[in-house]
Amino acid sequence: MTERDPRHRLPLEGVRIADITVVWAGPHVTQLLAEWGADVIRVEPVNRMQPYSRGGERIVTKEQAERMAELGAGAPGYPGFDPKDDPWNRSPSFNSHARGKRSMACDIMSPEGREAFLRLVDHCDVFIENNVPMTIEKANITYEVLRARNPALIMVRMPAYGLDGPYKNFRGFGTHVEGMIGHHLLRGYPDLTPEATGEAFTADAMAGVMGALAVVMALRHRRRTGQGQQIEMPLAENFLPALGEWILDYTMNGRVAPSQGNQHPWRAPHGTYPCEGRDQWIAIDVGSDAEFAALCRVLGAASLAEDERFATARGRWEYRSELDALLAERTRPRDKERLFRELQAAGVAAAPVHDELEAHADEHLNAREWFQRIAMPDVGTFPYPGLLFTMRDTPNRLHAPPPKLGEHSEEIYLDLLGYGREEYAALVAKGLVGTGYAPELIARRD
């Protein structure tokens, strides 16, 4: 491997991170850090199934996956819908955020696995986990235990509700957190009940970004002081500030906001409108009289521009339901892509509503070469979502594929942790280290 030009070294090169994360929020943190040079080592058991990780607990056959896809039932997206013999290495949910990481087979709940993990912590700058607090306590790998071995360690903990308090050990995903703090109700539609809102997992996405920021801040603090520390970032508390204006409106004015749907507190029209074809939509936002006049010109809707109800911003907002219905009549026969360009040319904020296929084919994203192809041995070469941001003077691309289960165990145990070959072989013989799950652990829906 050639030495990287020091001017182009990624900013987190030399930072090593132990990762025991599940679902999305925690893995998103380590994804962002790995993309910018950190050596992220996922610690994963092979002697038991880690739920909400590689999808091994809900394997379906190729025929079932194809049938589910036909029904629009959210089938597992194995390449070619084929799970083959290692579906846990073929999960798009896992692979999308695991690019650039390494995988170490290790069960922290076993005495041998705990010892291996403690040795790993000796060589790490950061440990990130987003499990229910009692899991870390049962494994006896709390911050108090780990900092006794590595005082410079930064430990990031991301429970749903916190490390203390009445909800400490309550289990929850991003959607439960968003429901509890009011986000589901707020973003619901005025004429529908909350279950029709659907899932967005915004709390998970936000936690990933904020968790990565917290790590970088703690590394900066350690560089100045030499001190490690624990970072506590509950999903609920991390997401609540995003609802700050609604909370303050209540505390200052005593108002409880109704469900917003696509509405804006004072702008209209503001929403998504049907276009030509089945389930085709365009998003439009008008913020001034001039923009409304331009919208009417593009749509050939002079009658709307002349309607007294819509002559002012206040009137358009007051009669927004009627206005939305009239606009929908005019957008419905239009092609969303052409209308998008016409509205943008007229100075109106608008965008077509794309599905995944349309986003992948988007000319702008492709012109910027945002999607990047990654070759994963025995899985295939596919375009992956690219970097969230770029740095002008620090060239960067997705540099490694997602790891297969336990793929890097041997090099980590032998080269980094100092295990002898006989010790390593003994762990393999006990089923604590390997590159696949035992057959009895694999749940397949036959």
# chains A, B, ... in the order shown; residues from 1 in each chain; ligands from 1
call {"tool": "residues_around", "arguments": {"residues": "range 219-235 of chain A", "least_positions_apart": "2", "cutoff": "7 Å", "atoms": "only C-alpha atoms", "output": "VMD selection string"}}
result
chain A and resid 143 151 to 162 177 203 207 215 to 217 237 to 239
call {"tool": "write_last_selection", "arguments": {"atoms": "C-alpha atoms", "output": "mmCIF file, in the first residue's frame"}}
result
data_model
loop_
_atom_site.group_PDB
_atom_site.id
_atom_site.type_symbol
_atom_site.label_atom_id
_atom_site.label_comp_id
_atom_site.auth_asym_id
_atom_site.auth_seq_id
_atom_site.Cartn_x
_atom_site.Cartn_y
_atom_site.Cartn_z
ATOM 1 C CA TYR A 143 -17.269 3.604 31.399
ATOM 2 C CA PRO A 151 -8.063 6.632 30.965
ATOM 3 C CA ALA A 152 -7.918 8.395 27.586
ATOM 4 C CA LEU A 153 -10.910 6.458 26.220
ATOM 5 C CA ILE A 154 -13.930 8.357 24.889
ATOM 6 C CA MET A 155 -17.122 6.335 25.342
ATOM 7 C CA VAL A 156 -20.316 7.341 23.521
ATOM 8 C CA ARG A 157 -23.585 5.972 24.876
ATOM 9 C CA MET A 158 -26.800 6.463 22.908
ATOM 10 C CA PRO A 159 -29.774 4.929 24.757
ATOM 11 C CA ALA A 160 -33.320 5.878 23.826
ATOM 12 C CA TYR A 161 -34.009 7.852 26.994
ATOM 13 C CA GLY A 162 -30.847 8.201 29.096
ATOM 14 C CA VAL A 177 -38.812 8.168 20.619
ATOM 15 C CA ALA A 203 -34.344 10.793 15.353
ATOM 16 C CA ALA A 207 -28.409 11.136 16.254
ATOM 17 C CA VAL A 215 -16.838 12.353 19.081
ATOM 18 C CA VAL A 216 -14.847 14.964 17.179
ATOM 19 C CA MET A 217 -15.407 17.497 19.978
ATOM 20 C CA GLU A 237 -33.114 14.562 24.174
ATOM 21 C CA ASN A 238 -30.985 14.834 21.046
ATOM 22 C CA PHE A 239 -34.068 15.197 18.843
#
call {"tool": "residues_around", "arguments": {"residues": "Phe382 in chain A", "least_positions_apart": "6", "cutoff": "8 Å", "atoms": "only C-alpha atoms", "output": "JSON, numbers by chain"}}
result
{"A": [373, 374, 375]}
call {"tool": "residues_around", "arguments": {"residues": "Gly431 in chain A", "least_positions_apart": "5", "cutoff": "10 Å", "atoms": "only C-alpha atoms", "output": "PyMOL selection string"}}
result
chain A and resi 45-48+105-106+425-426+436-438
call {"tool": "write_last_selection", "arguments": {"atoms": "C-alpha atoms", "output": "mmCIF file, in the first residue's frame"}}
result
data_model
loop_
_atom_site.group_PDB
_atom_site.id
_atom_site.type_symbol
_atom_site.label_atom_id
_atom_site.label_comp_id
_atom_site.auth_asym_id
_atom_site.auth_seq_id
_atom_site.Cartn_x
_atom_site.Cartn_y
_atom_site.Cartn_z
ATOM 1 C CA PRO A 45 -20.950 -12.263 18.135
ATOM 2 C CA VAL A 46 -21.129 -15.348 15.906
ATOM 3 C CA ASN A 47 -22.308 -17.757 18.618
ATOM 4 C CA ARG A 48 -25.602 -15.918 19.016
ATOM 5 C CA ALA A 105 -16.072 -11.857 15.941
ATOM 6 C CA CYS A 106 -16.426 -11.489 19.700
ATOM 7 C CA ALA A 425 -7.564 -21.489 17.377
ATOM 8 C CA ALA A 426 -9.112 -22.290 20.761
ATOM 9 C CA GLY A 436 -20.717 -17.394 9.927
ATOM 10 C CA TYR A 437 -23.481 -18.263 12.364
ATOM 11 C CA ALA A 438 -24.070 -21.805 13.540
#
call {"tool": "select_by_dssp", "arguments": {"residues": "range 248-332 of chain A", "states": "strand (DSSP E)", "output": "list in words"}}
result
His270, Gly271, Thr272, Tyr273, Pro274, Trp281, Ile282, Ala283, Ile284 and Asp285 of chain A
call {"tool": "write_last_selection", "arguments": {"atoms": "N, CA and C atoms", "output": "CSV table (one decimal), in the first residue's frame"}}
result
chain,number,residue,atom,x,y,z
A,270,HIS,N,-48.1,25.5,0.0
A,270,HIS,CA,-46.9,24.8,0.5
A,270,HIS,C,-47.3,23.3,0.7
A,271,GLY,N,-46.9,22.5,-0.2
A,271,GLY,CA,-47.3,21.1,-0.2
A,271,GLY,C,-46.8,20.3,-1.4
A,272,THR,N,-47.4,19.1,-1.5
A,272,THR,CA,-47.1,18.3,-2.7
A,272,THR,C,-48.4,18.2,-3.5
A,273,TYR,N,-48.3,18.2,-4.8
A,273,TYR,CA,-49.4,18.2,-5.7
A,273,TYR,C,-49.3,17.2,-6.8
A,274,PRO,N,-50.4,16.5,-7.1
A,274,PRO,CA,-50.3,15.4,-8.1
A,274,PRO,C,-49.9,15.8,-9.5
A,281,TRP,N,-45.8,13.2,-8.1
A,281,TRP,CA,-46.0,14.4,-7.3
A,281,TRP,C,-44.9,15.4,-7.5
A,282,ILE,N,-45.3,16.6,-7.2
A,282,ILE,CA,-44.3,17.7,-7.2
A,282,ILE,C,-44.5,18.5,-5.9
A,283,ALA,N,-43.4,18.9,-5.3
A,283,ALA,CA,-43.5,19.8,-4.1
A,283,ALA,C,-43.3,21.2,-4.5
A,284,ILE,N,-44.2,22.1,-3.9
A,284,ILE,CA,-44.1,23.5,-4.3
A,284,ILE,C,-44.2,24.3,-3.0
A,285,ASP,N,-43.5,25.4,-3.0
A,285,ASP,CA,-43.5,26.3,-1.8
A,285,ASP,C,-43.5,27.7,-2.3
call {"tool": "residues_around", "arguments": {"residues": "Trp317 in chain A", "least_positions_apart": "2", "cutoff": "8 Å", "atoms": "only C-alpha atoms", "output": "PyMOL selection string"}}
result
chain A and resi 266-269+313-315+319-320
call {"tool": "select_by_dssp", "arguments": {"residues": "range 12-158 of chain A", "states": "helix (DSSP H, G or I)", "output": "MDAnalysis selection string"}}
result
chainID A and resid 25:35 56:58 62:70 79:81 87:89 92:98 111:122 133:138 143:149
call {"tool": "closest_residue", "arguments": {"among": "A:Val22, A:Val43, A:Pro79, A:Leu32", "to": "Phe94 in chain A", "atoms": "only C-alpha atoms"}}
result
A:Val22
call {"tool": "closest_residue", "arguments": {"among": "A:His360, A:Arg16, A:His354, A:Arg368", "to": "Tyr384 in chain A", "atoms": "only C-alpha atoms"}}
result
A:His360
call {"tool": "residues_around", "arguments": {"residues": "range 342-348 of chain A", "least_positions_apart": "4", "cutoff": "8 Å", "atoms": "only C-alpha atoms", "output": "list in words"}}
result
Ile284, Asp285, Val286, Glu291, Ala294, Leu295, Val298 and Arg338 of chain A
call {"tool": "closest_residue", "arguments": {"among": "A:Glu306, A:Val121, A:His97, A:Thr331", "to": "Ala148 in chain A", "atoms": "only C-alpha atoms"}}
result
A:Val121
call {"tool": "closest_residue", "arguments": {"among": "A:Leu186, A:Val353, A:Met49, A:Leu327", "to": "Asp279 in chain A", "atoms": "only C-alpha atoms"}}
result
A:Val353
call {"tool": "residues_around", "arguments": {"residues": "Trp24 in chain A", "least_positions_apart": "2", "cutoff": "10 Å", "atoms": "only C-alpha atoms", "output": "NGL selection string"}}
result
:A and (21-22 or 26-29 or 31 or 52-53 or 93-94 or 97 or 130 or 173-174 or 201 or 203-205 or 207-208)
call {"tool": "closest_residue", "arguments": {"among": "A:Ala25, A:His264, A:Tyr167, A:Pro87", "to": "Met180 in chain A", "atoms": "only C-alpha atoms"}}
result
A:Tyr167
